[in-house]
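File shown here: target-v4.txt, holding compact mmCIF, C-alpha atoms and all ligand atoms.
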```
# COMPACT_ATOMS: atom_id res chain seq x y z
CA MET O 592 14.24 10.59 -25.39
CA LYS O 593 13.35 12.30 -28.67
CA LEU O 594 14.94 15.60 -29.58
CA LEU O 595 13.01 18.46 -28.05
CA LYS O 596 11.39 21.10 -30.23
CA HIS O 597 12.68 24.63 -30.41
CA GLU O 598 10.80 27.33 -28.59
CA ASN O 599 9.19 28.71 -31.74
CA GLU O 600 7.71 25.30 -32.51
CA GLN O 601 5.83 24.81 -29.27
CA ASN O 602 2.80 22.88 -30.20
CA VAL O 603 1.60 19.75 -28.62
CA GLY O 604 0.13 18.69 -31.97
CA ASP O 605 -2.72 16.26 -32.53
CA LEU O 606 -3.00 13.83 -29.69
CA LYS O 607 -4.91 10.59 -29.81
CA LYS O 608 -6.29 8.77 -26.80
CA GLY O 609 -3.51 6.88 -25.12
CA ASP O 610 -0.70 9.10 -26.48
CA ARG O 611 1.56 10.41 -23.76
CA ILE O 612 0.71 14.03 -22.94
CA LEU O 613 3.00 14.64 -19.97
CA LEU O 614 6.31 13.15 -18.95
CA VAL O 615 7.91 14.06 -15.64
CA ASP O 616 11.32 12.43 -15.63
CA GLY O 617 13.78 12.41 -12.74
CA VAL O 618 12.64 15.77 -11.36
CA SER O 619 14.14 17.06 -8.12
CA VAL O 620 13.40 20.33 -6.32
CA SER O 621 15.20 21.49 -3.18
CA PHE O 622 14.23 24.25 -0.80
CA ASP O 623 17.19 25.18 1.42
CA GLY O 624 18.63 21.70 1.05
CA PHE O 625 15.29 19.96 1.72
CA LYS O 626 14.17 17.81 -1.22
CA ALA O 627 10.49 18.56 -1.85
CA LEU O 628 10.70 16.46 -5.04
CA ASN O 629 13.24 13.67 -5.18
CA ASN O 630 13.83 12.09 -8.58
CA LEU O 631 10.10 12.17 -9.36
CA SER O 632 9.06 10.31 -12.51
CA PHE O 633 5.62 9.55 -13.94
CA SER O 634 3.64 10.08 -17.12
CA ILE O 635 0.04 10.86 -18.08
CA ASN O 636 -1.77 9.90 -21.27
CA TYR O 637 -4.25 11.88 -23.32
CA GLY O 638 -7.82 10.89 -22.42
CA GLU O 639 -6.79 9.86 -18.91
CA LEU O 640 -8.11 10.98 -15.54
CA ARG O 641 -5.29 10.45 -13.05
CA CYS O 642 -5.59 10.93 -9.31
CA ILE O 643 -2.54 11.90 -7.31
CA ILE O 644 -2.63 11.35 -3.58
CA GLY O 645 -0.14 11.70 -0.78
CA ALA O 646 0.13 12.96 2.77
CA ASN O 647 0.69 16.65 3.55
CA GLY O 648 4.12 17.64 2.34
CA ALA O 649 4.46 14.71 -0.10
CA GLY O 650 5.21 17.13 -2.94
CA LYS O 651 1.88 17.35 -4.81
CA SER O 652 1.75 21.16 -5.02
CA THR O 653 5.44 21.39 -5.86
CA MET O 654 4.89 18.91 -8.71
CA MET O 655 2.09 21.09 -10.12
CA ASP O 656 4.26 24.20 -9.67
CA VAL O 657 6.99 22.54 -11.76
CA VAL O 658 4.62 21.44 -14.55
CA THR O 659 3.06 24.92 -14.80
CA GLY O 660 6.40 26.75 -14.79
CA LYS O 661 6.07 28.38 -11.37
CA THR O 662 9.01 26.47 -9.89
CA ARG O 663 12.16 25.46 -11.74
CA PRO O 664 13.56 22.07 -10.75
CA ASP O 665 17.23 21.46 -9.99
CA GLU O 666 17.25 18.35 -12.16
CA GLY O 667 15.08 16.40 -14.53
CA HIS O 668 12.92 16.81 -17.63
CA VAL O 669 9.28 17.77 -18.07
CA VAL O 670 7.92 17.16 -21.56
CA PHE O 671 4.48 18.10 -22.90
CA GLY O 672 3.21 15.88 -25.71
CA GLU O 673 5.96 14.22 -27.64
CA ALA O 674 8.53 16.94 -27.63
CA VAL O 675 7.72 20.27 -25.94
CA ASP O 676 10.32 21.00 -23.26
CA LEU O 677 8.29 22.72 -20.53
CA LEU O 678 11.36 23.66 -18.53
CA GLY O 679 12.35 26.11 -21.25
CA LEU O 680 9.02 27.98 -21.07
CA ASN O 681 7.55 30.55 -18.69
CA GLU O 682 4.19 30.31 -16.88
CA PRO O 683 2.04 32.29 -19.37
CA THR O 684 3.44 30.37 -22.34
CA ILE O 685 2.76 27.05 -20.65
CA ALA O 686 -0.85 28.12 -20.05
CA GLN O 687 -1.09 29.33 -23.64
CA ILE O 688 0.07 26.04 -25.15
CA GLY O 689 -2.52 24.03 -23.28
CA ILE O 690 -1.89 23.37 -19.60
CA GLY O 691 -4.59 24.73 -17.30
CA ARG O 692 -4.49 24.74 -13.52
CA LYS O 693 -7.34 25.12 -11.10
CA PHE O 694 -6.43 26.14 -7.61
CA GLN O 695 -8.45 25.03 -4.63
CA LYS O 696 -10.18 28.33 -3.97
CA PRO O 697 -12.57 29.50 -6.70
CA THR O 698 -11.78 32.93 -8.12
CA VAL O 699 -14.76 33.74 -10.31
CA PHE O 700 -15.81 37.32 -11.07
CA GLN O 701 -18.56 37.68 -8.44
CA ASN O 702 -20.35 40.62 -10.05
CA ASN O 703 -20.54 39.10 -13.52
CA THR O 704 -22.99 36.51 -14.75
CA VAL O 705 -22.09 32.88 -15.39
CA PHE O 706 -22.14 33.63 -19.13
CA GLU O 707 -19.90 36.68 -18.76
CA ASN O 708 -17.41 34.73 -16.66
CA LEU O 709 -17.08 32.13 -19.40
CA GLU O 710 -16.88 34.85 -22.07
CA LEU O 711 -14.12 36.68 -20.18
CA ALA O 712 -12.15 33.46 -19.80
CA MET O 713 -12.30 32.63 -23.49
CA LYS O 714 -9.06 32.05 -25.31
CA GLU O 715 -9.02 35.33 -27.13
CA ASP O 716 -7.63 36.57 -30.34
CA LYS O 717 -5.77 39.64 -29.14
CA ARG O 718 -5.42 41.26 -32.57
CA PHE O 719 -6.42 44.89 -32.34
CA PHE O 720 -9.36 44.89 -34.75
CA LYS O 721 -10.83 41.73 -33.29
CA THR O 722 -10.89 43.36 -29.86
CA LEU O 723 -12.22 46.66 -31.19
CA PHE O 724 -15.20 45.15 -32.98
CA SER O 725 -15.60 42.30 -30.60
CA LYS O 726 -18.77 40.31 -30.94
CA LEU O 727 -19.00 36.63 -30.25
CA SER O 728 -18.87 34.42 -33.30
CA GLY O 729 -21.30 31.52 -33.64
CA GLU O 730 -18.43 29.19 -32.90
CA GLN O 731 -17.61 31.03 -29.66
CA GLU O 732 -21.25 30.96 -28.58
CA ASP O 733 -21.35 27.23 -29.27
CA LYS O 734 -18.24 26.78 -27.15
CA ILE O 735 -19.86 28.61 -24.23
CA ASP O 736 -23.05 26.58 -24.64
CA GLU O 737 -21.13 23.31 -24.77
CA THR O 738 -19.16 24.29 -21.66
CA LEU O 739 -22.34 25.25 -19.79
CA GLY O 740 -23.68 21.77 -20.54
CA LEU O 741 -20.50 20.11 -19.33
CA ILE O 742 -20.44 21.99 -16.01
CA GLY O 743 -24.21 21.70 -15.49
CA LEU O 744 -24.91 25.45 -15.23
CA LYS O 745 -27.18 25.99 -18.26
CA ASP O 746 -30.12 27.00 -16.08
CA LEU O 747 -28.03 29.58 -14.22
CA VAL O 748 -26.41 31.19 -17.24
CA HIS O 749 -27.68 34.70 -16.49
CA ARG O 750 -27.26 34.58 -12.71
CA GLN O 751 -24.52 36.55 -11.00
CA ALA O 752 -21.63 34.31 -10.06
CA GLY O 753 -21.61 35.80 -6.54
CA ILE O 754 -24.88 34.09 -5.62
CA LEU O 755 -23.83 30.61 -6.74
CA SER O 756 -23.18 27.90 -4.16
CA HIS O 757 -19.59 26.92 -3.38
CA GLY O 758 -19.91 23.84 -5.62
CA GLN O 759 -21.41 25.82 -8.51
CA LYS O 760 -18.56 28.35 -8.26
CA GLN O 761 -16.05 25.52 -8.49
CA TRP O 762 -17.78 24.18 -11.61
CA LEU O 763 -17.89 27.65 -13.13
CA GLU O 764 -14.16 27.95 -12.57
CA ILE O 765 -13.63 24.58 -14.23
CA GLY O 766 -15.71 25.97 -17.10
CA MET O 767 -13.50 29.06 -17.26
CA LEU O 768 -10.52 26.77 -17.55
CA ILE O 769 -12.21 24.83 -20.36
CA MET O 770 -12.75 28.10 -22.27
CA GLN O 771 -8.95 28.36 -22.49
CA GLU O 772 -9.01 25.10 -24.48
CA PRO O 773 -6.38 23.28 -22.45
CA LYS O 774 -5.23 19.79 -23.34
CA LEU O 775 -4.07 18.99 -19.81
CA LEU O 776 -5.88 20.20 -16.69
CA LEU O 777 -4.39 20.12 -13.21
CA VAL O 778 -7.09 20.32 -10.57
CA ASP O 779 -6.24 20.87 -6.91
CA GLU O 780 -8.65 19.47 -4.29
CA PRO O 781 -11.84 20.07 -6.29
CA VAL O 782 -14.32 18.66 -3.77
CA ALA O 783 -13.10 20.27 -0.54
CA GLY O 784 -16.11 21.82 1.21
CA MET O 785 -18.70 20.34 -1.16
CA THR O 786 -21.96 18.60 -0.26
CA PRO O 787 -22.23 14.87 -1.15
CA GLN O 788 -24.46 15.71 -4.14
CA GLU O 789 -21.95 18.32 -5.34
CA VAL O 790 -19.13 15.78 -4.95
CA GLU O 791 -21.08 13.37 -7.15
CA ASN O 792 -21.66 16.03 -9.82
CA THR O 793 -17.98 16.99 -9.75
CA ALA O 794 -17.01 13.36 -10.33
CA GLU O 795 -19.23 13.34 -13.41
CA ILE O 796 -17.88 16.66 -14.73
CA LEU O 797 -14.24 15.61 -14.39
CA THR O 798 -14.89 12.16 -15.85
CA ASN O 799 -16.55 13.73 -18.91
CA LEU O 800 -13.80 16.31 -19.19
CA ALA O 801 -11.11 13.65 -19.28
CA LYS O 802 -12.64 12.07 -22.39
CA ASP O 803 -11.26 14.81 -24.65
CA ASN O 804 -8.37 16.04 -22.48
CA ALA O 805 -6.15 14.72 -19.78
CA VAL O 806 -7.06 15.57 -16.20
CA VAL O 807 -4.84 15.29 -13.15
CA VAL O 808 -6.69 15.55 -9.84
CA VAL O 809 -4.91 16.06 -6.54
CA GLU O 810 -7.30 15.20 -3.73
CA HIS O 811 -7.42 14.02 -0.13
CA ASP O 812 -11.01 12.74 -0.22
CA MET O 813 -10.60 8.98 -0.66
CA GLU O 814 -14.31 8.30 -1.30
CA PHE O 815 -14.17 10.74 -4.19
CA ILE O 816 -10.93 9.22 -5.52
CA ARG O 817 -12.48 5.78 -5.39
CA SER O 818 -15.51 7.01 -7.34
CA ILE O 819 -13.49 8.48 -10.24
CA ALA O 820 -10.08 6.88 -10.31
CA LYS O 821 -8.85 4.43 -12.86
CA LYS O 822 -5.22 4.88 -11.97
CA VAL O 823 -3.83 6.44 -8.81
CA THR O 824 -0.31 7.70 -8.20
CA VAL O 825 0.83 7.86 -4.57
CA LEU O 826 3.53 10.40 -3.75
CA HIS O 827 5.68 10.12 -0.66
CA GLU O 828 8.62 12.34 0.25
CA GLY O 829 8.81 13.72 -3.27
CA SER O 830 8.82 10.41 -5.17
CA VAL O 831 6.29 7.93 -6.50
CA LEU O 832 5.63 5.35 -3.80
CA ALA O 833 3.10 3.31 -5.78
CA GLU O 834 0.91 3.52 -8.86
CA GLY O 835 -2.08 1.45 -9.96
CA SER O 836 -5.80 0.89 -9.45
CA MET O 837 -7.36 2.05 -6.18
CA ASP O 838 -7.67 -1.59 -5.07
CA ALA O 839 -4.03 -2.27 -5.85
CA ILE O 840 -3.01 0.89 -3.98
CA GLN O 841 -5.04 0.00 -0.90
CA ASN O 842 -3.46 -3.44 -0.81
CA ASN O 843 0.05 -2.21 -1.54
CA GLU O 844 2.39 -3.07 1.31
CA LYS O 845 4.55 0.05 1.00
CA VAL O 846 1.45 2.27 1.01
CA ARG O 847 0.05 0.48 4.04
CA GLN O 848 3.33 0.89 5.88
CA VAL O 849 3.53 4.61 5.18
CA TYR O 850 -0.15 5.44 5.75
CA LEU O 851 -1.28 2.90 8.27
CA GLY O 852 2.02 2.22 10.03
CA GLU O 853 1.64 -1.51 9.40
N1 LIG G 1 8.67 27.65 -1.16
C1 LIG G 1 9.02 26.70 -0.27
N2 LIG G 1 10.04 26.89 0.58
C2 LIG G 1 10.43 25.95 1.46
N3 LIG G 1 9.82 24.74 1.56
C3 LIG G 1 8.80 24.50 0.75
C4 LIG G 1 8.33 25.44 -0.21
N4 LIG G 1 7.27 24.89 -0.88
C5 LIG G 1 7.09 23.66 -0.37
N5 LIG G 1 7.99 23.41 0.61
C6 LIG G 1 8.12 22.17 1.38
O1 LIG G 1 8.19 21.10 0.45
C7 LIG G 1 7.46 19.97 0.90
C8 LIG G 1 6.43 19.58 -0.14
O2 LIG G 1 5.40 20.55 -0.14
P1 LIG G 1 4.12 20.50 -1.09
O3 LIG G 1 3.32 21.72 -0.80
O4 LIG G 1 4.54 20.25 -2.48
O5 LIG G 1 3.36 19.20 -0.54
P2 LIG G 1 1.86 18.75 -0.79
O6 LIG G 1 1.93 17.28 -1.05
O7 LIG G 1 1.22 19.60 -1.80
O8 LIG G 1 1.19 19.00 0.63
P3 LIG G 1 -0.33 19.44 1.00
O9 LIG G 1 -1.15 18.19 0.88
O10 LIG G 1 -0.18 19.89 2.42
O11 LIG G 1 -0.74 20.54 0.08
C9 LIG G 1 6.85 20.37 2.24
O12 LIG G 1 7.67 19.86 3.28
C10 LIG G 1 6.88 21.88 2.21
O13 LIG G 1 7.01 22.40 3.52
```
Taking this structure as input, can you express it in the form of structure tokens?
Ligand SMILES: Nc1ncnc2c1ncn2[C@@H]1O[C@H](COP(=O)(O)OP(=O)(O)OP(=O)(O)O)[C@@H](O)[C@H]1O
Amino acid sequence: MKLLKHENEQNVGDLKKGDRILLVDGVSVSFDGFKALNNLSFSINYGELRCIIGANGAGKSTMMDVVTGKTRPDEGHVVFGEAVDLLGLNEPTIAQIGIGRKFQKPTVFQNNTVFENLELAMKEDKRFFKTLFSKLSGEQEDKIDETLGLIGLKDLVHRQAGILSHGQKQWLEIGMLIMQEPKLLLVDEPVAGMTPQEVENTAEILTNLAKDNAVVVVEHDMEFIRSIAKKVTVLHEGSVLAEGSMDAIQNNEKVRQVYLGE
């Protein structure tokens, strides 16, 4: 492994499609002696949309907690880009340097409009004078407009977020994440509770998003996974059980044994 950068040099740098953006290497996490993650290793490339599946308790949430700095592992390495050691950083810094996480339940500001929600989520320049005389720059307005297009909410830009459907709220929250300009997005069960049409739209949004980012989706809905997945990672008891195309996964003997009891 390359030498890791010092804390004051945290920058994932310019990534090209196919460059590795995340390495999880030999990570273990124990809770009272129980191994929630057990020597977990996998990597994600820039420009990739990866689906992670696994039964309840397989370690999916714990894996996301480790990558985002919420949980510290007992062992292992987690590297962002070529050389940023994520285990040396706290949660806000990890978010700041480009890892966004969307939890299952949407948490938009109900009394603000779609536009205002995106504006509030914008990666801001916190310098005093900028805040004091704050007015959106053309570039910031373009960013909001581009995001509205990506999440399909252009027609609802001035509506209050509180009246949006469940699916539209989820897309708005994805948009709020995009405003933070992440390079890697971790998305937890995005289609739970959505209508079939909303599921289809979500597949399109995440597929488009992965073109200029890397997106990791944790999901139980197999139809949805099949519709978006190029590569699937199956977790079982805190380790990778199998990895490959959806067809390869469904025909994998170990996966069939664990899931179907064959
Ligand atoms: N803070 C904790 N304290 C004790 N045990 C925990 C803690 N967090 C997770 N676990 C245990 O670790 C294991 C992995 O949990 P985790 O939530 O990562 O699984 P998951 O794959 O996300 O499951 P689900 O699909 O149900 O969300 C489970 O057995 C869980 O009970």
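Each of O:Met813, O:Ala801, O:Val618, O:Met713 was checked against Ile643 of chain O using only C-alpha atoms; the smallest atom-to-atom distance is that of O:Met813.
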Which neighbours of Gln841 of chain O fall inside 12 Å, counting only C-alpha atoms, when residues of the same chain fewer than 5 positions from it are skipped, and could you give them as a PDB file with C-alpha atoms, in the coordinates of the input?
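Dumped everything to part21.pdb:
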```
ATOM      1  CA  ILE O 644      -2.630  11.350  -3.580  1.00  0.00           C
ATOM      2  CA  MET O 813     -10.600   8.980  -0.660  1.00  0.00           C
ATOM      3  CA  ILE O 816     -10.930   9.220  -5.520  1.00  0.00           C
ATOM      4  CA  ARG O 817     -12.480   5.780  -5.390  1.00  0.00           C
ATOM      5  CA  VAL O 823      -3.830   6.440  -8.810  1.00  0.00           C
ATOM      6  CA  THR O 824      -0.310   7.700  -8.200  1.00  0.00           C
ATOM      7  CA  VAL O 825       0.830   7.860  -4.570  1.00  0.00           C
ATOM      8  CA  ALA O 833       3.100   3.310  -5.780  1.00  0.00           C
ATOM      9  CA  GLU O 834       0.910   3.520  -8.860  1.00  0.00           C
ATOM     10  CA  GLY O 835      -2.080   1.450  -9.960  1.00  0.00           C
ATOM     11  CA  SER O 836      -5.800   0.890  -9.450  1.00  0.00           C
ATOM     12  CA  VAL O 846       1.450   2.270   1.010  1.00  0.00           C
ATOM     13  CA  ARG O 847       0.050   0.480   4.040  1.00  0.00           C
ATOM     14  CA  GLN O 848       3.330   0.890   5.880  1.00  0.00           C
ATOM     15  CA  VAL O 849       3.530   4.610   5.180  1.00  0.00           C
ATOM     16  CA  TYR O 850      -0.150   5.440   5.750  1.00  0.00           C
ATOM     17  CA  LEU O 851      -1.280   2.900   8.270  1.00  0.00           C
TER      18      LEU O 851
END
```
Up to 9 Å from (-24.0, 24.6, -12.7) in the file's coordinates: name the residues, counting only C-alpha atoms, as a PDB file with C-alpha atoms, in the coordinates of the input.
```
ATOM      1  CA  VAL O 705     -22.090  32.880 -15.390  1.00  0.00           C
ATOM      2  CA  LEU O 739     -22.340  25.250 -19.790  1.00  0.00           C
ATOM      3  CA  GLY O 740     -23.680  21.770 -20.540  1.00  0.00           C
ATOM      4  CA  LEU O 741     -20.500  20.110 -19.330  1.00  0.00           C
ATOM      5  CA  ILE O 742     -20.440  21.990 -16.010  1.00  0.00           C
ATOM      6  CA  GLY O 743     -24.210  21.700 -15.490  1.00  0.00           C
ATOM      7  CA  LEU O 744     -24.910  25.450 -15.230  1.00  0.00           C
ATOM      8  CA  LYS O 745     -27.180  25.990 -18.260  1.00  0.00           C
ATOM      9  CA  ASP O 746     -30.120  27.000 -16.080  1.00  0.00           C
ATOM     10  CA  LEU O 747     -28.030  29.580 -14.220  1.00  0.00           C
ATOM     11  CA  VAL O 748     -26.410  31.190 -17.240  1.00  0.00           C
ATOM     12  CA  LEU O 755     -23.830  30.610  -6.740  1.00  0.00           C
ATOM     13  CA  GLY O 758     -19.910  23.840  -5.620  1.00  0.00           C
ATOM     14  CA  GLN O 759     -21.410  25.820  -8.510  1.00  0.00           C
ATOM     15  CA  LYS O 760     -18.560  28.350  -8.260  1.00  0.00           C
ATOM     16  CA  TRP O 762     -17.780  24.180 -11.610  1.00  0.00           C
ATOM     17  CA  LEU O 763     -17.890  27.650 -13.130  1.00  0.00           C
TER      18      LEU O 763
END
```
Could you report the residues within 9 Å of ligand LIG 1 (chain G), using all atoms listed in the file, as a ChimeraX atom specification? /O:620-623,625-628,644-656,662,779,809-811,826-829
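If all atoms listed in the file are the atoms counted, then among O:Gly667, O:Lys661, O:Leu776, O:Ile840 the closest residue to Pro683 of chain O is O:Lys661.
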One number please: atom CA of Phe700 of chain O to atom CA of Gly660 of chain O, in Å, one decimal. 24.9 Å
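Here the question is which of O:Glu789, O:Asp665, O:Glu737, O:Glu814 gets nearest to Gln761 of chain O using all atoms listed in the file, and that residue is O:Glu789.
The space separating atom CA of Met770 of chain O from atom CA of Thr659 of chain O comes to 17.8 Å.
Here the question is which of O:Leu800, O:Leu606, O:Val790, O:Val658 gets nearest to Phe815 of chain O using all atoms listed in the file, and that residue is O:Val790.
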Give the answer as one residue: which of O:Pro787, O:Pro773, O:Gly638, O:Gly617 has the shortest atom-to-atom distance to Val670 of chain O, using all atoms listed in the file? O:Gly617
Using only C-alpha atoms, give me every residue within 9 Å of (-15.1, 30.7, -20.1) in file coordinates, as a compact mmCIF listing (two decimals) with C-alpha atoms, in the coordinates of the input.
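Written file, result.txt:
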```txt
# COMPACT_ATOMS: atom_id res chain seq x y z
CA VAL O 705 -22.09 32.88 -15.39
CA PHE O 706 -22.14 33.63 -19.13
CA GLU O 707 -19.90 36.68 -18.76
CA ASN O 708 -17.41 34.73 -16.66
CA LEU O 709 -17.08 32.13 -19.40
CA GLU O 710 -16.88 34.85 -22.07
CA LEU O 711 -14.12 36.68 -20.18
CA ALA O 712 -12.15 33.46 -19.80
CA MET O 713 -12.30 32.63 -23.49
CA LYS O 714 -9.06 32.05 -25.31
CA LYS O 734 -18.24 26.78 -27.15
CA ILE O 735 -19.86 28.61 -24.23
CA THR O 738 -19.16 24.29 -21.66
CA LEU O 763 -17.89 27.65 -13.13
CA GLU O 764 -14.16 27.95 -12.57
CA ILE O 765 -13.63 24.58 -14.23
CA GLY O 766 -15.71 25.97 -17.10
CA MET O 767 -13.50 29.06 -17.26
CA LEU O 768 -10.52 26.77 -17.55
CA ILE O 769 -12.21 24.83 -20.36
CA MET O 770 -12.75 28.10 -22.27
CA GLN O 771 -8.95 28.36 -22.49
```
Interatomic distance (Å, one decimal) between atom CA of Lys607 of chain O and atom CA of Val831 of chain O: 26.0 Å
Counting only C-alpha atoms, which residue out of O:Asp610, O:Glu682, O:Glu639, O:Glu844 sits closest to Lys821 of chain O? O:Glu639
Considering all atoms listed in the file, return as an NGL selection string whatever protein or nucleic-acid residues lie within 10 Å of Phe671 of chain O, sequence-local ones (same chain, fewer than 2 positions apart) excluded. :O and (595 or 601-603 or 611-615 or 634-635 or 658 or 669 or 673-678 or 685 or 688-690 or 774-775)
Fewer than 6 positions away in the same chain doesn't count, so skip those; otherwise give me all residues within 8 Å of Asp616 of chain O, counting all atoms listed in the file, as a list in words. Asn630, Leu631, Ser632, Phe633, Gly667, His668 and Val669 of chain O
Find the residues around Asn702 of chain O up to 7 Å (all atoms listed in the file counted), leave out those fewer than 3 positions away in its own chain, and share them as a ChimeraX atom specification. /O:751-753
